[in-house]
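Report on the structure given below.
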Amino acid sequence: MRWKSTLSTAVVLASLAAPLTAAAHPGHSGGTCSPDARLLGFTDSLDKTTYAGQKVSGLSALNVTRPGHAVALVDNVQTSPARVFDLRISSKPTVSVDGMTILKRPDGTPYTGADFDGEGLVVERGDRTILATSEREPTIRRFRLSDGKETASLPVPARFQVAPAGQATANATFESLAVSPDGLSLYAGMEGALAPDGVDADGRSRNRIIRYAGLPGRGYTPVAQLAYQTDPGLNLVELAVVGRNQLLSMERTFVAGVGNTIRVFSVSTRHAPDVSKRESIATAPATDFVQKQLLFDLVDCPPSGAVAKQPQPNPLLDNVEALALGGHLPGGRRQLYLLSDDNDGATQITRLYSLAVDLR
């Protein structure tokens with residue numbers, strides 16, 4: 001079932017009931033995070049709100065579909081239904097919920113936290129269907145946005161299944177999903193390493209990204225695998241496609257009593273070979289891995305009046321899981337949104353960040 005409104009009373013009331021922070025005030029300034037990134041602002045207006053009786057929480061993936069509009073996927077838990085929210089969004093930033101779709105099995109019954117762990121999201125051309133990953137198996141399923149019903153699933157190589165069926169670790173599979181602007185290439189990124197690939201002595205995980213080829217709304221087939229190495233102790237949690245041979249990636253970790261680390265990288269796939277035939281990439285040369293360059297570390301952005309609910313190295317930080325590119329901004333920079341997943345918990349915040357980034 002799909003709920004839609006121009007601006008529901010429930011959303012207005014929920015926004016008014018949300019905790020008032022400095023970020024809730026229009027025009028609250030951000031500042032420089034790195035030579036290539038500037039924080040434009042943030043808002044906590046979605047935190048601990050509801051829409052049509054469902055919590056607006058656990059937001060783990062975000063896609064900008066057109067100027068002013070986006071779709072967010074819920075990392076649902078327990079018996080809550082799998083769902084996506086339509087969002088109205090601006091670069092200031094401001095955000096409000098504009099609709100909701102419950103994601104359903106082919107028989108029409110809703111997926112729940114018992115069998116769907118939503119993490120990666122792509123809204124396909126025409127805004128009629130979405131592709132969503134579930135980290136549990138893992139799977140990539142297609143759903144109609146008109147009624148939320150599953151219509152297809154994409155093939156996943158057997159070794160990417162969670163052990164003992166495959167070589168993946170539970171809760172470390174398809175955390176990210178991204179599509180090229182022309183819709184012909186799809187990228188599914190592993191949060192952690194396959195067992196034969198592992199982690200090096202410095203704690204850098206050797207991950208794989210599957211590239212699919214196909215057509216929007218139709219079939220996609222795995223055609224290659226890219227090798228990706230994280231920074232020490234971090235996990236790959238999000239991807240976005242900038243253009244031919246260029247991606248953005250986001251890496252994250254959390255240490256109790258210390259807080260989160262959130263880093264965004266510019267990634268070049270230009271000379272990276274297909275490693276799908278390699279049983280292990282543990283001994284692969286550095287040239288077999290995609291090349292990445294730090295775009296910004298969120299800890300270096302100005303706090304901008306943010307308040308954290310638990311220890312953080314910068315109160316601006318939280319459990320950021322979603323990243324989405326928007327349009328071009330004056331001066332040639334690109335709009336970039338980040339969104340945190342509060343895990344429906346009291347010590348975490350649903351926070352939307354707006355940045356301007358230089359993607360030379």
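Chain labels run A, B, ... following the order of the structure tokens; each chain numbers its residues from 1, and ligands are numbered from 1 in the order shown.
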| task | With a distance cut-off of 6 Å and only C-alpha atoms, select the neighbouring residues of Leu186 (chain A), excluding the residue or stretch itself and same-chain residues fewer than 6 positions from it, and output the selection as a PyMOL selection string. | result | chain A and resi 178-179+211-212
Include C-alpha atoms and write out the residues we just selected as a short mmCIF file (atom, residue, chain, number, x, y, z; two decimals), in the first residue's frame.
data_model
loop_
_atom_site.label_atom_id
_atom_site.label_comp_id
_atom_site.auth_asym_id
_atom_site.auth_seq_id
_atom_site.Cartn_x
_atom_site.Cartn_y
_atom_site.Cartn_z
CA ALA A 178 24.25 2.45 -6.78
CA VAL A 179 23.36 2.93 -10.44
CA ARG A 211 29.07 -4.65 -11.17
CA TYR A 212 25.85 -5.62 -12.91
#
Go through region 103-180 of chain A and flag each residue having an atom no more than 8 Å from region 51-60 of chain A; for those, report the closest pair of atoms plus their distance in Å to one decimal, using only C-alpha atoms, ordered by chain and rising number, as JSON lines.
{"residue": "A:Gly118", "atom": "CA", "partner": "A:Ser60", "partner_atom": "CA", "distance": 7.4}
{"residue": "A:Glu119", "atom": "CA", "partner": "A:Ser60", "partner_atom": "CA", "distance": 5.5}
{"residue": "A:Gly120", "atom": "CA", "partner": "A:Ser60", "partner_atom": "CA", "distance": 7.4}
Would you save the residues of that selection, restricted to N, CA, C and O atoms, as a PDB file, in the first residue's frame?
ATOM      1  N   GLY A 118      16.774  -4.084   5.022  1.00  0.00           N
ATOM      2  CA  GLY A 118      17.013  -3.128   3.948  1.00  0.00           C
ATOM      3  C   GLY A 118      18.225  -2.255   4.171  1.00  0.00           C
ATOM      4  O   GLY A 118      18.354  -1.624   5.220  1.00  0.00           O
ATOM      5  N   GLU A 119      19.126  -2.194   3.171  1.00  0.00           N
ATOM      6  CA  GLU A 119      20.356  -1.419   3.325  1.00  0.00           C
ATOM      7  C   GLU A 119      20.714  -0.579   2.099  1.00  0.00           C
ATOM      8  O   GLU A 119      21.172   0.545   2.253  1.00  0.00           O
ATOM      9  N   GLY A 120      20.538  -1.110   0.894  1.00  0.00           N
ATOM     10  CA  GLY A 120      20.912  -0.388  -0.317  1.00  0.00           C
ATOM     11  C   GLY A 120      19.684  -0.088  -1.162  1.00  0.00           C
ATOM     12  O   GLY A 120      18.742  -0.885  -1.217  1.00  0.00           O
TER      13      GLY A 120
END
| query | Within 9 Å of Asp300 (chain A), counting only C-alpha atoms, which residues qualify if same-chain residues fewer than 5 places away don't, as a PyMOL selection string? | reply | chain A and resi 32-34+314
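Using only C-alpha atoms, the shortest contact distance between Glu191 (chain A) and any of A:Leu239, A:Ile140, A:Ala282, A:Leu215 is found at A:Leu239.
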| message | What parts of region 33-93 of chain A does DSSP call strand (DSSP E)? I'd like the answer as a ChimeraX atom specification. | response | /A:33-34,37-43,49-51,54-56,59-66,69-74,83-89
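Among A:Thr133, A:Ser45, A:Ser90, A:Gln161, the residue with the shortest atom-to-atom distance to Ala188 (chain A), counting only C-alpha atoms, is A:Thr133.
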| message | Which residues are close to region 252-259 of chain A, i.e. within 12 Å by only C-alpha atoms, leaving aside same-chain residues fewer than 2 positions away? Reply as JSON, numbers by chain. | response | {"A": [175, 191, 192, 230, 231, 232, 233, 234, 235, 236, 237, 238, 249, 250, 261, 262, 263, 264, 265, 297, 298, 299, 308, 309, 310, 311, 312, 313, 314, 315, 316, 317, 318, 319, 320, 321, 322, 323, 340, 347, 348]}
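Ranking A:Ala172, A:Ala61, A:Ala284, A:Ile102 by their shortest atom-to-atom distance to Leu121 (chain A), with only C-alpha atoms included, puts A:Ala61 first.
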